[in-house]
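K.L.:
Structure file final-v9.cif, mmCIF, C-alpha atoms, is pasted below:
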```cif
data_input
#
loop_
_atom_site.label_atom_id
_atom_site.label_comp_id
_atom_site.auth_asym_id
_atom_site.auth_seq_id
_atom_site.Cartn_x
_atom_site.Cartn_y
_atom_site.Cartn_z
CA MET A 1 -60.01 -52.11 32.40
CA THR A 2 -60.14 -53.92 29.05
CA ILE A 3 -58.44 -52.31 26.08
CA GLU A 4 -60.31 -52.71 22.79
CA ARG A 5 -57.85 -54.06 20.19
CA ARG A 6 -60.18 -54.18 17.21
CA ARG A 7 -59.61 -51.73 14.39
CA TYR A 8 -63.09 -52.16 12.89
CA LYS A 9 -66.65 -52.43 14.12
CA ARG A 10 -67.92 -56.01 14.38
CA TYR A 11 -71.45 -57.14 13.54
CA PRO A 12 -72.97 -60.23 15.18
CA VAL A 13 -74.42 -62.41 12.42
CA SER A 14 -75.49 -65.91 11.70
CA GLY A 15 -74.19 -67.65 8.65
CA ARG A 16 -72.00 -70.40 7.35
CA VAL A 17 -68.28 -70.76 6.74
CA GLU A 18 -66.79 -73.43 4.48
CA PHE A 19 -63.07 -74.11 4.83
CA MET A 20 -61.18 -75.77 2.01
CA THR A 21 -58.20 -77.52 3.60
CA GLU A 22 -56.25 -80.49 2.26
CA ALA A 23 -59.04 -81.39 -0.18
CA VAL A 24 -61.50 -81.59 2.73
CA GLU A 25 -64.38 -79.17 3.06
CA THR A 26 -65.32 -78.28 6.66
CA LEU A 27 -68.48 -76.38 7.60
CA SER A 28 -68.70 -74.06 10.58
CA LYS A 29 -70.96 -71.35 11.99
CA LEU A 30 -70.26 -67.65 11.33
CA LEU A 31 -70.59 -65.60 14.54
CA ASP A 32 -69.53 -62.09 13.58
CA ILE A 33 -67.92 -60.09 10.81
CA GLY A 34 -66.17 -56.77 10.35
CA LYS A 35 -64.11 -55.02 7.72
CA GLY A 36 -60.99 -56.86 8.84
CA GLY A 37 -62.21 -60.42 9.30
CA VAL A 38 -64.56 -62.94 10.87
CA LEU A 39 -65.14 -64.93 14.03
CA ASN A 40 -66.55 -68.39 13.53
CA GLN A 41 -67.43 -71.36 15.68
CA SER A 42 -65.19 -74.16 14.51
CA GLU A 43 -63.76 -77.49 15.53
CA ILE A 44 -60.84 -77.36 13.06
CA LYS A 45 -57.49 -76.70 14.71
CA PRO A 46 -55.23 -74.66 12.42
CA SER A 47 -52.16 -72.92 13.79
CA PRO A 48 -52.10 -69.18 14.45
CA GLY A 49 -50.62 -67.54 11.37
CA GLU A 50 -51.89 -70.27 9.05
CA GLU A 51 -53.50 -69.10 5.82
CA LEU A 52 -56.88 -70.64 5.04
CA PRO A 53 -58.99 -70.25 1.92
CA PHE A 54 -62.67 -70.09 2.87
CA ARG A 55 -66.12 -69.14 1.67
CA PHE A 56 -68.81 -67.57 3.84
CA THR A 57 -72.44 -66.55 3.65
CA VAL A 58 -74.48 -64.31 5.95
CA SER A 59 -78.07 -65.33 6.69
CA GLY A 60 -80.52 -63.02 4.94
CA TYR A 61 -77.89 -61.56 2.60
CA GLN A 62 -77.77 -62.73 -0.98
CA GLY A 63 -74.45 -64.00 -2.25
CA ALA A 64 -71.31 -65.66 -0.94
CA PHE A 65 -67.80 -64.38 -0.36
CA GLU A 66 -64.61 -66.30 -1.15
CA VAL A 67 -61.40 -65.15 0.50
CA THR A 68 -58.10 -66.24 1.98
CA GLY A 69 -57.63 -65.43 5.64
CA ASN A 70 -54.93 -65.58 8.27
CA VAL A 71 -55.72 -67.31 11.58
CA VAL A 72 -55.12 -64.58 14.15
CA ARG A 73 -56.35 -66.26 17.31
CA ILE A 74 -57.84 -69.56 18.39
CA GLN A 75 -60.41 -69.50 21.19
CA VAL A 76 -62.22 -72.47 22.70
CA GLY A 77 -64.30 -73.75 19.78
CA ALA A 78 -63.79 -70.60 17.69
CA LEU A 79 -61.36 -69.00 15.24
CA VAL A 80 -60.59 -65.35 14.62
CA ILE A 81 -59.58 -64.96 10.97
CA GLU A 82 -58.23 -61.79 9.37
CA PHE A 83 -58.90 -61.16 5.69
CA LEU A 84 -55.68 -61.19 3.62
CA GLU A 85 -57.30 -59.51 0.65
CA GLU A 86 -59.92 -56.88 0.02
CA LEU A 87 -63.32 -58.40 -0.63
CA ALA A 88 -65.45 -57.17 -3.48
CA LYS A 89 -68.87 -56.13 -2.18
CA LEU A 90 -67.85 -56.31 1.51
CA LYS A 91 -68.67 -52.62 1.85
CA ASP A 92 -72.22 -53.38 0.61
CA LEU A 93 -72.59 -56.20 3.16
CA LEU A 94 -71.36 -54.04 6.04
CA GLY A 95 -73.70 -51.20 5.02
CA TRP A 96 -76.60 -53.68 4.95
CA LEU A 97 -75.64 -54.90 8.44
CA GLU A 98 -75.36 -51.33 9.73
CA ARG A 99 -78.88 -50.54 8.50
CA ARG A 100 -80.25 -53.68 10.16
CA GLU A 101 -78.61 -52.99 13.53
CA PRO A 102 -81.19 -51.87 16.10
CA LYS A 103 -80.87 -48.21 17.00
CA LYS A 104 -80.38 -47.35 20.68
CA LEU A 105 -83.21 -45.33 22.16
CA ILE A 106 -82.29 -42.13 23.92
CA SER A 107 -84.53 -41.38 26.85
CA THR A 108 -85.58 -37.77 27.30
CA ALA A 109 -87.63 -38.43 30.44
CA HIS A 110 -86.48 -36.77 33.64
CA SER A 111 -86.89 -38.38 37.05
#
```
Give the structure from this file in structure tokens form.
P.N.:
Amino acid sequence: MTIERRRYKRYPVSGRVEFMTEAVETLSKLLDIGKGGVLNQSEIKPSPGEELPFRFTVSGYQGAFEVTGNVVRIQVGALVIEFLEELAKLKDLLGWLERREPKKLISTAHS
């Protein structure tokens, strides 16, 4: 049995993440987002606990978000990053994602 450790709902998305480290800008692919942070496909190798300033965009959503995050976990080719600050307009983005999420159909047919 797997125990769910996430505190917030995650939304699968496509988008772009730009890391600003040591005067080098690195681009990566945004995979999902939630109130607490993001998962992105990345080849950079920061250490867990490292703080990273980054900017991200979500495909189809107007605007970009700039934030500092804490590297929580490194997976093969991906980073889990927790937001270290509250993002202005994140609530709007998450509401937009919630409205776009396909609704599950409930079958009322009996066999």
K.L.:
Do you know which residues are at most 9 Å from A:Val72 counting only C-alpha atoms, after dropping those on the same chain fewer than 6 positions away, and could you put them as a list in words?
P.N.:
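So the residues in contact are Ser47, Pro48, Gly49, Glu50, Leu79, Val80, Ile81 and Glu82 of chain A.
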K.L.:
Mind writing the picked residues with C-alpha atoms as a PDB file, keeping the file's coordinate frame?
P.N.:
```
ATOM      1  CA  SER A  47     -52.160 -72.920  13.790  1.00  0.00           C
ATOM      2  CA  PRO A  48     -52.100 -69.180  14.450  1.00  0.00           C
ATOM      3  CA  GLY A  49     -50.620 -67.540  11.370  1.00  0.00           C
ATOM      4  CA  GLU A  50     -51.890 -70.270   9.050  1.00  0.00           C
ATOM      5  CA  LEU A  79     -61.360 -69.000  15.240  1.00  0.00           C
ATOM      6  CA  VAL A  80     -60.590 -65.350  14.620  1.00  0.00           C
ATOM      7  CA  ILE A  81     -59.580 -64.960  10.970  1.00  0.00           C
ATOM      8  CA  GLU A  82     -58.230 -61.790   9.370  1.00  0.00           C
TER       9      GLU A  82
END
```
K.L.:
Please determine, counting all atoms listed in the file, which residue among A:Gln41, A:Gly63, A:Thr26, A:Leu52 has the shortest atom-to-atom distance to A:Gly77.
P.N.:
A:Gln41
K.L.:
Between atom CA of A:Gly34 and atom CA of A:Val58, measure the distance and give it in Å to one decimal.
P.N.:
12.1 Å
K.L.:
Quick one: distance from atom CA of A:Asn70 to atom CA of A:Pro46 in Å, one decimal?
P.N.:
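Computed distance, atom CA of A:Asn70 to atom CA of A:Pro46, equals 10.0 Å.
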K.L.:
Could you pull the residues within 6 Å of stretch 83-90 of chain A, counting only C-alpha atoms, minus those fewer than 3 positions along the same chain, as an MDAnalysis selection string?
P.N.:
chainID A and resid 36:37 68:69 93
K.L.:
What does the distance from atom CA of A:Glu101 to atom CA of A:Phe56 come to in Å, to one decimal?
P.N.:
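A separation of 20.1 Å between them.
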K.L.:
Would you list the contacts of A:Leu97 as a count of residues only, taking every protein, DNA or RNA residue within 12 Å and counting all atoms listed in the file, but skipping same-chain residues closer than 5 positions in sequence?
P.N.:
18
K.L.:
Measuring between all atoms listed in the file, which one of A:Leu27, A:Thr57, A:Arg99, A:Tyr8 shows the shortest distance to A:Ile44?
P.N.:
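Comparing A:Leu27, A:Thr57, A:Arg99, A:Tyr8 against A:Ile44, the winner is A:Leu27.
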K.L.:
Check which residues satisfy the PyMOL selection byres ((chain A and resi 29) around 8) in the file shown, then give them as JSON, numbers by chain.
P.N.:
{"A": [14, 15, 16, 17, 27, 28, 30, 31, 40, 41, 42]}
K.L.:
Could you write out as lines of an AutoDock Vina configuration file the box around stretch 5-14 of chain A (axis-aligned, all atoms listed in the file, 6 Å on each side), with centre and edge lengths in Å to one decimal?
P.N.:
```
center_x = -66.7
center_y = -58.8
center_z = 15.9
size_x = 29.6
size_y = 26.2
size_z = 20.5
```
K.L.:
With distances taken over all atoms listed in the file, which residue among A:Arg7, A:Ala78, A:Arg100, A:Leu94 lies nearest A:Glu43?
P.N.:
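Of A:Arg7, A:Ala78, A:Arg100, A:Leu94, the one nearest A:Glu43, counting all atoms listed in the file, is A:Ala78.
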K.L.:
Determine, counting all atoms listed in the file, which protein, DNA and RNA residues have an atom within 12 Å of an atom of A:Val24; residues of the same chain fewer than 6 positions away are not included. Present the result as a list in words.
P.N.:
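My reading of the contact set: Glu18, Ile44, Pro53 and Phe54 of chain A.
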